[in-house]
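Undergrad: Dumping the structure here so I can ask a few things about it.
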Amino acid sequence: MVREGLRRQIPTPDPAVGAPAAARSERVCFRHSTRPARRRCYRCQRWLCPRCQERRAHHIFCGGQCYWAWTVETQVRRLNAWVRRRAVPIGLFALLTAVLTGGGLAFLLSYSRSEGTLQPSPAVPRSTSTRPPETPIPWTSELIRILRPAFGARLSAPQVTVEGQGPPRQSLTLWVNGEVAATTVSGEDGTFVFPDVLLEADDNLLQVQGRGPNGAEVFSPAIVVYQVADRTASGLRYVQRAPDNLLRGNPNRPEVALTLDGSFSDQDVDALIRQVEALQLPVTVFLTGEFIDRYPEATRRLAASPWVEVGNHTLNHRHWTAYQQTRQQSTLPDVTPQALQFELAETARRFRTVTGRAMAPLWRAPYGEHNAELRQWAAGLGYTHVGWTVESGWTLDTMDWIDDPAHPMYRPGPAIVRDILALAERPPHGINGGIVLMHLGSRRPAGDRMVDVLPELVQGLRQRGYTLVHVSTLLRRLRHPRTKSPVIGGGKVAPLGLQGQGSEEGIHRPRTP
């Protein structure tokens, strides 16, 4: 499950660390030299004041021209990647690129002529001040850190108390979704508290601003938290607790399931198989039908490993609800029971054709978009939906789909491991029964991918008394609490593949007690 980019951007720290205060305050909108700016256009990177910002496709643009140009460029890049994979002759590749680019430019021109809002604002006399250089300088963000709430927390209350650590006796400013929300002064020990911070009922980007030792402005690393109170009369929520939506196993058992979603790339498959074999590590992987078609050899290697359980990620990773547009989990108008059941059945058929084995009766909705209606349709085919563990104030979503190190919410692989291990020590039950969400395939630098840090994560969890199991094992524990799983030498839980090889169910179905 690869989620889309967030709707908002965070306030960007001033680049000139140590620059005079007057220079730092002169960052202005490229259209209005008298208006301060803290955000850039996602495409052209020019600074914008609030009046010039246009939110489209989860990003901020200076206008429709940049948005449509970015759209065309994105489609061209996707076409290039597709052409490279399919080895289309160079002549056809050039023709397709020219047609797509020309059509996009023609549409852009017609769009800009017909939409008056794209015209630049009336000229405003420029100030005599000199704008600072726009080359970003690395932040000294470790001076200030938000400690609570945790990164990715799902909160049911409309307000939250923000706590953290920073320089002692310093005035600090809290930014929420790019706007100043509150100010406070840190204590003698550097701790700070912002009480009763209002949240919106979707994603909220929090960041604290202060000053470094030389007086330069610094910002804490940004975090995102979600306010998940009911949004509609039907009570559909982003985090939906229900018997047919497995978010966590038995909280009284020290067991954890590591899961990975595979959709767009197989580059981590070989590394994953080496890791699970070396660590004797059960993992559950959710694959799309398109992944199976595109990477049949990788699919066969995953299916052949007795440590890998394979679930269903639908056929083509489409959206099933309107959450992206309305922030509500209402089923899209074109989604029918037949459409969902076809995708699940077709994905399972392709998996059996390629591997000769059956998928586990588990599915995970792309982007985490599902509701009771969709889960009921899937249950008609015997599927149980699997999410990831979300509790008050914390989550086991690694957000490793963020692959740009410059992104404010990017976390290196070792930092993700440290966060999970810290949660594992929370009283009273740590992450017992937890389901960790990760992804197969990423543009992250080497060393920051989750497959690179699996040994550290697994060793840390085992040292803390946790047993790593398949998702189907967590589900079986809930449905049949007294059922004992077979064990192999050393008291380790046997992978499902060792429980029924050669049977109709194959190695990926949970054993019937």
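Numbering starts fresh at 1 for the residues of each chain in the structure tokens, the chains themselves are lettered A, B, ... in the order given, and ligands are numbered from 1 as they appear.
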When you look at Glu456 in chain A with a cut-off of 12 Å (counting only C-alpha atoms), what residues show up, excluding the ones that are within fewer than 5 positions of it in the same chain? I need them as JSON, numbers by chain.
TA: {"A": [275, 279, 413, 414, 415, 416, 417, 418, 420, 421, 447, 450, 451, 461, 462, 463]}
Undergrad: Hey, can you check how far CA of Val285 in chain A sits from CA of Asp448 in chain A?
TA: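 CA of Asp448 in chain A lies at a distance of 19.4 Å from CA of Val285 in chain A.
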Undergrad: By how many Å are CA of Leu315 in chain A and CA of Leu344 in chain A apart?
TA: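 Atom-to-atom, CA of Leu315 in chain A to CA of Leu344 in chain A, that is 6.7 Å.
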Undergrad: For the strand (DSSP E or B) assignment from backbone DSSP, which residues of range 148-304 of chain A qualify? Please present them as a compact mmCIF listing (two decimals) with all heavy atoms, in the first residue's frame.
TA:
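Output saved as selection36.txt:
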```
# COMPACT_ATOMS: atom_id res chain seq x y z
N ARG A 148 6.16 13.97 21.98
CA ARG A 148 4.78 13.50 22.03
C ARG A 148 3.88 14.56 21.42
O ARG A 148 4.08 15.75 21.71
CB ARG A 148 4.35 13.20 23.48
CG ARG A 148 4.88 11.88 24.00
CD ARG A 148 4.38 11.58 25.40
NE ARG A 148 4.95 12.54 26.37
CZ ARG A 148 6.10 12.36 26.97
NH1 ARG A 148 6.81 11.29 26.72
NH2 ARG A 148 6.56 13.24 27.82
N ARG A 154 -2.59 8.29 15.48
CA ARG A 154 -3.99 8.49 15.16
C ARG A 154 -4.70 8.88 16.45
O ARG A 154 -4.68 8.12 17.42
CB ARG A 154 -4.61 7.22 14.59
CG ARG A 154 -4.67 7.15 13.08
CD ARG A 154 -3.33 6.93 12.46
NE ARG A 154 -3.47 6.64 11.02
CZ ARG A 154 -2.45 6.50 10.20
NH1 ARG A 154 -1.22 6.60 10.67
NH2 ARG A 154 -2.64 6.25 8.93
N LEU A 155 -5.32 10.04 16.48
CA LEU A 155 -5.90 10.58 17.70
C LEU A 155 -7.39 10.79 17.50
O LEU A 155 -7.83 11.31 16.47
CB LEU A 155 -5.23 11.90 18.07
CG LEU A 155 -3.69 11.87 18.13
CD1 LEU A 155 -3.13 13.28 18.28
CD2 LEU A 155 -3.23 11.00 19.28
N GLN A 159 -8.19 17.77 20.05
CA GLN A 159 -7.09 18.54 20.60
C GLN A 159 -5.99 17.60 21.06
O GLN A 159 -6.25 16.44 21.39
CB GLN A 159 -7.55 19.41 21.76
CG GLN A 159 -8.55 20.50 21.36
CD GLN A 159 -9.00 21.31 22.56
OE1 GLN A 159 -9.16 20.76 23.65
NE2 GLN A 159 -9.21 22.60 22.38
N VAL A 160 -4.76 18.11 21.11
CA VAL A 160 -3.64 17.29 21.55
C VAL A 160 -2.65 18.19 22.29
O VAL A 160 -2.55 19.40 22.00
CB VAL A 160 -2.95 16.61 20.35
CG1 VAL A 160 -2.32 17.64 19.43
CG2 VAL A 160 -1.90 15.60 20.82
N THR A 161 -1.95 17.63 23.24
CA THR A 161 -0.87 18.33 23.93
C THR A 161 0.45 17.93 23.29
O THR A 161 0.76 16.74 23.18
CB THR A 161 -0.85 17.99 25.42
OG1 THR A 161 -2.07 18.45 26.02
CG2 THR A 161 0.34 18.64 26.11
N VAL A 162 1.22 18.91 22.83
CA VAL A 162 2.49 18.67 22.16
C VAL A 162 3.62 18.91 23.15
O VAL A 162 3.71 19.99 23.75
CB VAL A 162 2.64 19.59 20.93
CG1 VAL A 162 4.00 19.35 20.25
CG2 VAL A 162 1.51 19.36 19.94
N GLU A 163 4.46 17.91 23.34
CA GLU A 163 5.58 18.01 24.27
C GLU A 163 6.88 17.70 23.54
O GLU A 163 6.89 16.94 22.57
CB GLU A 163 5.40 17.03 25.44
CG GLU A 163 4.09 17.19 26.19
CD GLU A 163 3.93 16.13 27.25
OE1 GLU A 163 4.93 15.81 27.93
OE2 GLU A 163 2.81 15.60 27.41
N GLY A 164 7.96 18.29 24.03
CA GLY A 164 9.24 18.03 23.39
C GLY A 164 10.41 18.55 24.18
O GLY A 164 10.28 18.93 25.35
N GLN A 165 11.57 18.55 23.54
CA GLN A 165 12.82 18.95 24.17
C GLN A 165 13.54 19.92 23.26
O GLN A 165 13.63 19.70 22.05
CB GLN A 165 13.70 17.73 24.42
CG GLN A 165 15.01 18.02 25.14
CD GLN A 165 14.80 18.27 26.62
OE1 GLN A 165 13.93 17.67 27.23
NE2 GLN A 165 15.59 19.17 27.19
N SER A 171 12.17 31.07 23.67
CA SER A 171 10.84 31.24 23.09
C SER A 171 10.70 30.33 21.87
O SER A 171 11.55 30.35 20.97
CB SER A 171 10.62 32.70 22.69
OG SER A 171 9.37 32.86 22.03
N LEU A 172 9.64 29.52 21.85
CA LEU A 172 9.41 28.55 20.77
C LEU A 172 8.04 28.79 20.15
O LEU A 172 7.10 29.21 20.83
CB LEU A 172 9.50 27.12 21.30
CG LEU A 172 10.82 26.73 21.99
CD1 LEU A 172 10.69 25.35 22.61
CD2 LEU A 172 11.97 26.76 20.98
N THR A 173 7.94 28.49 18.88
CA THR A 173 6.70 28.66 18.13
C THR A 173 6.27 27.33 17.53
O THR A 173 7.09 26.64 16.92
CB THR A 173 6.87 29.69 17.00
OG1 THR A 173 7.29 30.93 17.56
CG2 THR A 173 5.56 29.90 16.25
N LEU A 174 5.01 26.97 17.72
CA LEU A 174 4.47 25.74 17.13
C LEU A 174 3.73 26.08 15.85
O LEU A 174 2.86 26.94 15.82
CB LEU A 174 3.51 25.07 18.11
CG LEU A 174 2.79 23.83 17.58
CD1 LEU A 174 3.78 22.69 17.33
CD2 LEU A 174 1.69 23.39 18.54
N TRP A 175 4.11 25.37 14.78
CA TRP A 175 3.43 25.50 13.49
C TRP A 175 2.56 24.26 13.28
O TRP A 175 3.00 23.14 13.48
CB TRP A 175 4.44 25.59 12.35
CG TRP A 175 5.28 26.83 12.35
CD1 TRP A 175 6.35 27.11 13.16
CD2 TRP A 175 5.13 27.97 11.49
NE1 TRP A 175 6.88 28.34 12.86
CE2 TRP A 175 6.15 28.89 11.83
CE3 TRP A 175 4.25 28.28 10.47
CZ2 TRP A 175 6.29 30.10 11.18
CZ3 TRP A 175 4.39 29.50 9.81
CH2 TRP A 175 5.40 30.40 10.17
N VAL A 176 1.31 24.47 12.86
CA VAL A 176 0.39 23.39 12.51
C VAL A 176 -0.12 23.63 11.10
O VAL A 176 -0.74 24.66 10.83
CB VAL A 176 -0.79 23.29 13.50
CG1 VAL A 176 -1.74 22.17 13.09
CG2 VAL A 176 -0.29 23.08 14.91
N GLU A 179 0.83 27.03 9.62
CA GLU A 179 0.36 28.25 10.27
C GLU A 179 0.81 28.25 11.72
O GLU A 179 0.91 27.20 12.37
CB GLU A 179 -1.17 28.34 10.20
CG GLU A 179 -1.75 28.27 8.79
CD GLU A 179 -1.35 29.48 7.94
OE1 GLU A 179 -1.02 30.53 8.53
OE2 GLU A 179 -1.37 29.36 6.69
N VAL A 180 1.07 29.44 12.25
CA VAL A 180 1.45 29.57 13.66
C VAL A 180 0.25 29.21 14.53
O VAL A 180 -0.84 29.78 14.38
CB VAL A 180 1.94 30.99 13.97
CG1 VAL A 180 2.19 31.15 15.47
CG2 VAL A 180 3.22 31.28 13.20
N ALA A 181 0.44 28.26 15.45
CA ALA A 181 -0.65 27.81 16.31
C ALA A 181 -0.50 28.28 17.75
O ALA A 181 -1.49 28.54 18.42
CB ALA A 181 -0.76 26.29 16.28
N ALA A 182 0.74 28.35 18.26
CA ALA A 182 0.95 28.72 19.66
C ALA A 182 2.41 29.05 19.87
O ALA A 182 3.29 28.69 19.08
CB ALA A 182 0.52 27.59 20.59
N THR A 183 2.68 29.76 20.97
CA THR A 183 4.05 30.04 21.38
C THR A 183 4.19 29.70 22.86
O THR A 183 3.22 29.71 23.62
CB THR A 183 4.41 31.53 21.17
OG1 THR A 183 3.50 32.34 21.91
CG2 THR A 183 4.34 31.89 19.69
N THR A 184 5.41 29.39 23.26
CA THR A 184 5.68 29.09 24.67
C THR A 184 7.16 29.33 24.93
O THR A 184 7.93 29.65 24.01
CB THR A 184 5.30 27.63 25.01
OG1 THR A 184 5.36 27.46 26.43
CG2 THR A 184 6.25 26.65 24.35
N VAL A 185 7.57 29.17 26.17
CA VAL A 185 8.97 29.30 26.57
C VAL A 185 9.39 27.99 27.22
O VAL A 185 8.69 27.47 28.10
CB VAL A 185 9.18 30.48 27.54
CG1 VAL A 185 10.64 30.54 27.99
CG2 VAL A 185 8.76 31.79 26.89
N THR A 191 12.61 21.35 28.36
CA THR A 191 11.32 20.76 27.98
C THR A 191 10.31 21.86 27.66
O THR A 191 10.38 22.96 28.23
CB THR A 191 10.78 19.88 29.11
OG1 THR A 191 10.63 20.67 30.30
CG2 THR A 191 11.71 18.72 29.38
N PHE A 192 9.41 21.55 26.76
CA PHE A 192 8.36 22.51 26.41
C PHE A 192 7.04 21.77 26.23
O PHE A 192 7.00 20.57 25.93
CB PHE A 192 8.70 23.31 25.16
CG PHE A 192 8.90 22.47 23.93
CD1 PHE A 192 7.83 22.03 23.15
CD2 PHE A 192 10.18 22.11 23.52
CE1 PHE A 192 8.02 21.27 22.02
CE2 PHE A 192 10.39 21.35 22.38
CZ PHE A 192 9.29 20.92 21.63
N VAL A 193 5.93 22.50 26.43
CA VAL A 193 4.59 21.95 26.31
C VAL A 193 3.70 22.97 25.62
O VAL A 193 3.69 24.15 25.99
CB VAL A 193 3.99 21.59 27.70
CG1 VAL A 193 2.57 21.06 27.54
CG2 VAL A 193 4.86 20.57 28.41
N PHE A 194 2.97 22.51 24.60
CA PHE A 194 1.92 23.31 23.98
C PHE A 194 0.60 22.60 24.26
O PHE A 194 0.27 21.59 23.62
CB PHE A 194 2.13 23.41 22.46
CG PHE A 194 3.35 24.17 22.05
CD1 PHE A 194 4.54 23.50 21.77
CD2 PHE A 194 3.33 25.55 21.94
CE1 PHE A 194 5.67 24.19 21.38
CE2 PHE A 194 4.46 26.25 21.55
CZ PHE A 194 5.64 25.58 21.28
N PRO A 195 -0.20 23.06 25.22
CA PRO A 195 -1.45 22.36 25.56
C PRO A 195 -2.59 22.70 24.60
O PRO A 195 -2.61 23.79 24.00
CB PRO A 195 -1.74 22.86 26.98
CG PRO A 195 -1.14 24.24 27.01
CD PRO A 195 0.07 24.19 26.12
N ASP A 196 -3.52 21.76 24.46
CA ASP A 196 -4.79 21.98 23.75
C ASP A 196 -4.58 22.55 22.34
O ASP A 196 -5.17 23.55 21.95
CB ASP A 196 -5.68 22.93 24.55
CG ASP A 196 -6.00 22.39 25.94
OD1 ASP A 196 -6.10 21.16 26.06
OD2 ASP A 196 -6.13 23.20 26.87
N VAL A 197 -3.73 21.88 21.57
CA VAL A 197 -3.51 22.28 20.18
C VAL A 197 -4.62 21.70 19.32
O VAL A 197 -4.87 20.49 19.33
CB VAL A 197 -2.14 21.77 19.68
CG1 VAL A 197 -1.94 22.13 18.23
CG2 VAL A 197 -1.02 22.34 20.55
N LEU A 198 -5.31 22.54 18.58
CA LEU A 198 -6.44 22.10 17.76
C LEU A 198 -5.94 21.36 16.53
O LEU A 198 -4.98 21.77 15.87
CB LEU A 198 -7.28 23.30 17.33
CG LEU A 198 -8.09 23.99 18.43
CD1 LEU A 198 -8.80 25.22 17.87
CD2 LEU A 198 -9.11 23.02 19.03
N ASP A 203 -4.96 14.85 8.13
CA ASP A 203 -3.55 14.89 8.51
C ASP A 203 -3.16 16.26 9.03
O ASP A 203 -3.63 17.29 8.57
CB ASP A 203 -2.65 14.50 7.32
CG ASP A 203 -3.05 15.22 6.05
OD1 ASP A 203 -2.90 16.46 6.01
OD2 ASP A 203 -3.49 14.56 5.11
N ASN A 204 -2.28 16.27 10.02
CA ASN A 204 -1.82 17.51 10.66
C ASN A 204 -0.31 17.48 10.76
O ASN A 204 0.27 16.57 11.36
CB ASN A 204 -2.41 17.63 12.08
CG ASN A 204 -3.93 17.63 12.08
OD1 ASN A 204 -4.56 18.66 12.10
ND2 ASN A 204 -4.51 16.43 12.07
N LEU A 205 0.35 18.49 10.18
CA LEU A 205 1.80 18.57 10.21
C LEU A 205 2.22 19.51 11.32
O LEU A 205 1.83 20.68 11.34
CB LEU A 205 2.35 19.06 8.86
CG LEU A 205 2.42 18.00 7.76
CD1 LEU A 205 1.07 17.79 7.14
CD2 LEU A 205 3.41 18.43 6.70
N LEU A 206 3.03 19.00 12.24
CA LEU A 206 3.45 19.78 13.41
C LEU A 206 4.95 20.00 13.35
O LEU A 206 5.71 19.08 13.05
CB LEU A 206 3.10 19.04 14.70
CG LEU A 206 1.67 18.52 14.86
CD1 LEU A 206 1.51 17.83 16.21
CD2 LEU A 206 0.65 19.62 14.70
N GLN A 207 5.38 21.23 13.68
CA GLN A 207 6.80 21.56 13.70
C GLN A 207 7.01 22.71 14.66
O GLN A 207 6.18 23.63 14.75
CB GLN A 207 7.27 21.94 12.30
CG GLN A 207 8.78 21.97 12.15
CD GLN A 207 9.20 22.18 10.71
OE1 GLN A 207 8.47 22.78 9.93
NE2 GLN A 207 10.36 21.69 10.34
N VAL A 208 8.12 22.67 15.38
CA VAL A 208 8.44 23.70 16.36
C VAL A 208 9.63 24.51 15.88
O VAL A 208 10.63 23.95 15.43
CB VAL A 208 8.74 23.08 17.74
CG1 VAL A 208 9.16 24.16 18.74
CG2 VAL A 208 7.51 22.34 18.27
N GLN A 209 9.51 25.83 15.98
CA GLN A 209 10.55 26.75 15.52
C GLN A 209 11.21 27.41 16.74
O GLN A 209 10.55 27.80 17.69
CB GLN A 209 9.94 27.83 14.62
CG GLN A 209 10.89 28.93 14.23
CD GLN A 209 10.18 30.08 13.54
OE1 GLN A 209 8.97 30.04 13.36
NE2 GLN A 209 10.91 31.10 13.16
N GLY A 210 12.54 27.51 16.68
CA GLY A 210 13.28 28.21 17.72
C GLY A 210 14.53 28.81 17.13
O GLY A 210 14.60 29.10 15.94
N ARG A 211 15.55 28.99 17.97
CA ARG A 211 16.81 29.57 17.51
C ARG A 211 17.98 28.73 18.00
O ARG A 211 17.95 28.18 19.09
CB ARG A 211 16.98 31.01 17.97
CG ARG A 211 15.95 31.95 17.35
CD ARG A 211 16.26 33.41 17.61
NE ARG A 211 15.27 34.26 16.97
CZ ARG A 211 15.32 34.63 15.69
NH1 ARG A 211 16.35 34.22 14.95
NH2 ARG A 211 14.39 35.39 15.17
N GLU A 217 17.54 30.86 13.04
CA GLU A 217 16.30 30.10 13.20
C GLU A 217 16.53 28.64 12.86
O GLU A 217 17.19 28.32 11.88
CB GLU A 217 15.19 30.67 12.31
CG GLU A 217 14.69 32.03 12.74
CD GLU A 217 13.56 32.52 11.86
OE1 GLU A 217 13.31 31.88 10.82
OE2 GLU A 217 12.93 33.54 12.21
N VAL A 218 15.98 27.75 13.69
CA VAL A 218 16.03 26.31 13.41
C VAL A 218 14.64 25.75 13.64
O VAL A 218 13.82 26.32 14.37
CB VAL A 218 17.05 25.59 14.31
CG1 VAL A 218 18.46 26.02 13.99
CG2 VAL A 218 16.74 25.81 15.78
N PHE A 219 14.37 24.63 12.99
CA PHE A 219 13.08 23.97 13.10
C PHE A 219 13.30 22.53 13.53
O PHE A 219 14.26 21.89 13.14
CB PHE A 219 12.34 23.98 11.75
CG PHE A 219 11.81 25.33 11.34
CD1 PHE A 219 12.66 26.30 10.84
CD2 PHE A 219 10.47 25.63 11.47
CE1 PHE A 219 12.19 27.53 10.46
CE2 PHE A 219 9.98 26.86 11.09
CZ PHE A 219 10.84 27.82 10.58
N ILE A 223 6.54 16.26 12.19
CA ILE A 223 5.81 15.01 12.38
C ILE A 223 4.40 15.19 11.82
O ILE A 223 3.93 16.32 11.64
CB ILE A 223 5.74 14.58 13.86
CG1 ILE A 223 4.84 15.55 14.65
CG2 ILE A 223 7.12 14.49 14.48
CD1 ILE A 223 4.49 15.02 16.03
N VAL A 224 3.74 14.09 11.52
CA VAL A 224 2.36 14.12 11.08
C VAL A 224 1.53 13.28 12.02
O VAL A 224 1.95 12.19 12.44
CB VAL A 224 2.21 13.62 9.62
CG1 VAL A 224 2.68 12.19 9.49
CG2 VAL A 224 0.77 13.74 9.15
N VAL A 225 0.38 13.79 12.43
CA VAL A 225 -0.57 13.04 13.23
C VAL A 225 -1.93 13.16 12.57
O VAL A 225 -2.19 14.08 11.80
CB VAL A 225 -0.63 13.56 14.69
CG1 VAL A 225 0.71 13.39 15.38
CG2 VAL A 225 -1.07 15.01 14.74
N TYR A 226 -2.80 12.20 12.88
CA TYR A 226 -4.11 12.14 12.24
C TYR A 226 -5.20 12.26 13.30
O TYR A 226 -5.10 11.66 14.37
CB TYR A 226 -4.28 10.82 11.48
CG TYR A 226 -3.25 10.61 10.41
CD1 TYR A 226 -2.08 9.92 10.69
CD2 TYR A 226 -3.43 11.10 9.13
CE1 TYR A 226 -1.12 9.73 9.72
CE2 TYR A 226 -2.48 10.92 8.15
CZ TYR A 226 -1.32 10.23 8.45
OH TYR A 226 -0.37 10.06 7.47
N GLN A 227 -6.22 13.04 12.98
CA GLN A 227 -7.38 13.14 13.84
C GLN A 227 -8.47 12.32 13.18
O GLN A 227 -8.93 12.62 12.08
CB GLN A 227 -7.82 14.60 14.00
CG GLN A 227 -8.66 14.86 15.23
CD GLN A 227 -10.14 14.78 14.97
OE1 GLN A 227 -10.60 15.21 13.93
NE2 GLN A 227 -10.87 14.22 15.90
N ALA A 242 -13.06 -3.44 13.61
CA ALA A 242 -14.17 -4.35 13.36
C ALA A 242 -13.62 -5.77 13.33
O ALA A 242 -12.42 -5.98 13.07
CB ALA A 242 -14.86 -4.01 12.04
N ASN A 245 -11.64 -6.67 10.25
CA ASN A 245 -10.51 -5.80 9.90
C ASN A 245 -9.43 -5.99 10.96
O ASN A 245 -9.49 -5.40 12.03
CB ASN A 245 -10.95 -4.33 9.84
CG ASN A 245 -9.80 -3.42 9.43
OD1 ASN A 245 -8.89 -3.82 8.72
ND2 ASN A 245 -9.86 -2.17 9.88
N LEU A 246 -8.46 -6.83 10.66
CA LEU A 246 -7.43 -7.17 11.64
C LEU A 246 -6.39 -6.05 11.70
O LEU A 246 -5.64 -5.83 10.76
CB LEU A 246 -6.75 -8.48 11.25
CG LEU A 246 -5.64 -8.96 12.18
CD1 LEU A 246 -6.20 -9.28 13.57
CD2 LEU A 246 -4.94 -10.19 11.59
N GLU A 255 3.77 -11.31 20.39
CA GLU A 255 3.96 -11.72 19.01
C GLU A 255 3.79 -10.50 18.10
O GLU A 255 2.96 -9.63 18.37
CB GLU A 255 2.95 -12.80 18.62
CG GLU A 255 3.11 -14.08 19.41
CD GLU A 255 2.03 -15.10 19.10
OE1 GLU A 255 0.93 -14.69 18.67
OE2 GLU A 255 2.28 -16.31 19.30
N VAL A 256 4.56 -10.46 17.03
CA VAL A 256 4.52 -9.35 16.07
C VAL A 256 4.58 -9.94 14.66
O VAL A 256 5.32 -10.90 14.41
CB VAL A 256 5.70 -8.38 16.28
CG1 VAL A 256 5.74 -7.32 15.18
CG2 VAL A 256 5.61 -7.71 17.65
N ALA A 257 3.80 -9.36 13.75
CA ALA A 257 3.81 -9.77 12.35
C ALA A 257 4.40 -8.64 11.50
O ALA A 257 3.95 -7.50 11.59
CB ALA A 257 2.40 -10.10 11.87
N LEU A 258 5.42 -8.96 10.72
CA LEU A 258 6.02 -8.00 9.79
C LEU A 258 5.37 -8.21 8.42
O LEU A 258 5.36 -9.32 7.90
CB LEU A 258 7.52 -8.21 9.70
CG LEU A 258 8.31 -8.11 11.01
CD1 LEU A 258 9.80 -8.29 10.74
CD2 LEU A 258 8.05 -6.78 11.71
N THR A 259 4.83 -7.15 7.84
CA THR A 259 4.14 -7.25 6.54
C THR A 259 4.75 -6.26 5.56
O THR A 259 5.21 -5.18 5.93
CB THR A 259 2.64 -6.97 6.69
OG1 THR A 259 2.43 -5.57 6.99
CG2 THR A 259 2.03 -7.81 7.79
N LEU A 260 4.73 -6.65 4.28
CA LEU A 260 5.24 -5.79 3.20
C LEU A 260 4.25 -5.82 2.05
O LEU A 260 3.72 -6.88 1.69
CB LEU A 260 6.61 -6.27 2.71
CG LEU A 260 7.73 -6.33 3.74
CD1 LEU A 260 7.89 -7.77 4.25
CD2 LEU A 260 9.05 -5.83 3.15
N ASP A 261 3.99 -4.65 1.46
CA ASP A 261 3.12 -4.54 0.29
C ASP A 261 3.97 -4.47 -0.97
O ASP A 261 4.92 -3.68 -1.04
CB ASP A 261 2.24 -3.30 0.38
CG ASP A 261 1.20 -3.41 1.49
OD1 ASP A 261 1.08 -4.51 2.07
OD2 ASP A 261 0.51 -2.41 1.77
N GLY A 262 3.64 -5.30 -1.97
CA GLY A 262 4.36 -5.30 -3.24
C GLY A 262 3.45 -4.91 -4.37
O GLY A 262 2.42 -5.56 -4.60
N VAL A 283 7.32 -13.72 7.45
CA VAL A 283 6.79 -12.43 7.00
C VAL A 283 5.57 -12.68 6.15
O VAL A 283 5.41 -13.76 5.56
CB VAL A 283 7.83 -11.61 6.19
CG1 VAL A 283 9.03 -11.25 7.04
CG2 VAL A 283 8.24 -12.34 4.93
N THR A 284 4.70 -11.67 6.06
CA THR A 284 3.51 -11.74 5.21
C THR A 284 3.62 -10.65 4.17
O THR A 284 3.82 -9.47 4.51
CB THR A 284 2.23 -11.56 6.03
OG1 THR A 284 2.17 -12.60 7.04
CG2 THR A 284 1.00 -11.66 5.15
N VAL A 285 3.51 -11.03 2.89
CA VAL A 285 3.65 -10.11 1.78
C VAL A 285 2.32 -10.03 1.03
O VAL A 285 1.71 -11.07 0.74
CB VAL A 285 4.76 -10.56 0.81
CG1 VAL A 285 4.86 -9.63 -0.39
CG2 VAL A 285 6.09 -10.63 1.54
N PHE A 286 1.85 -8.82 0.74
CA PHE A 286 0.62 -8.62 -0.02
C PHE A 286 0.99 -8.16 -1.43
O PHE A 286 1.65 -7.12 -1.60
CB PHE A 286 -0.27 -7.58 0.66
CG PHE A 286 -0.82 -8.05 1.98
CD1 PHE A 286 -0.11 -7.84 3.16
CD2 PHE A 286 -2.04 -8.72 2.06
CE1 PHE A 286 -0.60 -8.28 4.38
CE2 PHE A 286 -2.53 -9.18 3.27
CZ PHE A 286 -1.82 -8.96 4.43
N LEU A 287 0.57 -8.93 -2.45
CA LEU A 287 0.96 -8.66 -3.83
C LEU A 287 -0.27 -8.29 -4.67
O LEU A 287 -1.35 -8.85 -4.49
CB LEU A 287 1.63 -9.89 -4.46
CG LEU A 287 2.91 -10.40 -3.81
CD1 LEU A 287 3.44 -11.58 -4.59
CD2 LEU A 287 3.96 -9.30 -3.71
```
Undergrad: Rounded to one decimal in Å, what is the spacing between CA of Thr101 in chain A and CA of Ile60 in chain A?
TA: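 Interatomic distance here is 22.6 Å.
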Undergrad: I'd like the neighbourhood of Pro361 in chain A as a PDB file with N, CA, C and O atoms, in the first residue's frame, where a residue qualifies if any of its atoms comes within 7 Å (using only C-alpha atoms), though same-chain residues fewer than 2 positions away should be ignored.
TA:
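As a result, selection_20.pdb now contains:
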```
ATOM      1  N   GLY A 311      -0.453 -12.687   0.680  1.00  0.00           N
ATOM      2  CA  GLY A 311      -1.844 -12.259   0.679  1.00  0.00           C
ATOM      3  C   GLY A 311      -2.160 -11.426  -0.546  1.00  0.00           C
ATOM      4  O   GLY A 311      -1.299 -11.154  -1.382  1.00  0.00           O
ATOM      5  N   MET A 359      -3.168 -18.451  -2.583  1.00  0.00           N
ATOM      6  CA  MET A 359      -2.925 -17.317  -1.695  1.00  0.00           C
ATOM      7  C   MET A 359      -3.585 -17.545  -0.347  1.00  0.00           C
ATOM      8  O   MET A 359      -4.569 -18.285  -0.229  1.00  0.00           O
ATOM      9  N   TRP A 363      -6.514 -10.044   2.664  1.00  0.00           N
ATOM     10  CA  TRP A 363      -6.328  -8.983   1.679  1.00  0.00           C
ATOM     11  C   TRP A 363      -6.076  -7.664   2.390  1.00  0.00           C
ATOM     12  O   TRP A 363      -6.457  -7.479   3.541  1.00  0.00           O
ATOM     13  N   GLY A 382     -14.381 -15.194   1.204  1.00  0.00           N
ATOM     14  CA  GLY A 382     -13.610 -15.817   2.279  1.00  0.00           C
ATOM     15  C   GLY A 382     -12.417 -15.017   2.742  1.00  0.00           C
ATOM     16  O   GLY A 382     -11.568 -15.537   3.486  1.00  0.00           O
ATOM     17  N   TYR A 383     -12.313 -13.740   2.364  1.00  0.00           N
ATOM     18  CA  TYR A 383     -11.155 -12.926   2.715  1.00  0.00           C
ATOM     19  C   TYR A 383     -11.392 -12.129   3.998  1.00  0.00           C
ATOM     20  O   TYR A 383     -12.486 -11.624   4.245  1.00  0.00           O
ATOM     21  N   THR A 384     -10.337 -11.991   4.782  1.00  0.00           N
ATOM     22  CA  THR A 384     -10.305 -11.094   5.938  1.00  0.00           C
ATOM     23  C   THR A 384      -9.368  -9.941   5.634  1.00  0.00           C
ATOM     24  O   THR A 384      -8.252 -10.157   5.154  1.00  0.00           O
ATOM     25  N   ARG A 509      -1.937 -20.986   3.266  1.00  0.00           N
ATOM     26  CA  ARG A 509      -3.205 -20.919   3.981  1.00  0.00           C
ATOM     27  C   ARG A 509      -2.993 -21.263   5.455  1.00  0.00           C
ATOM     28  O   ARG A 509      -2.232 -22.162   5.789  1.00  0.00           O
TER      29      ARG A 509
END
```
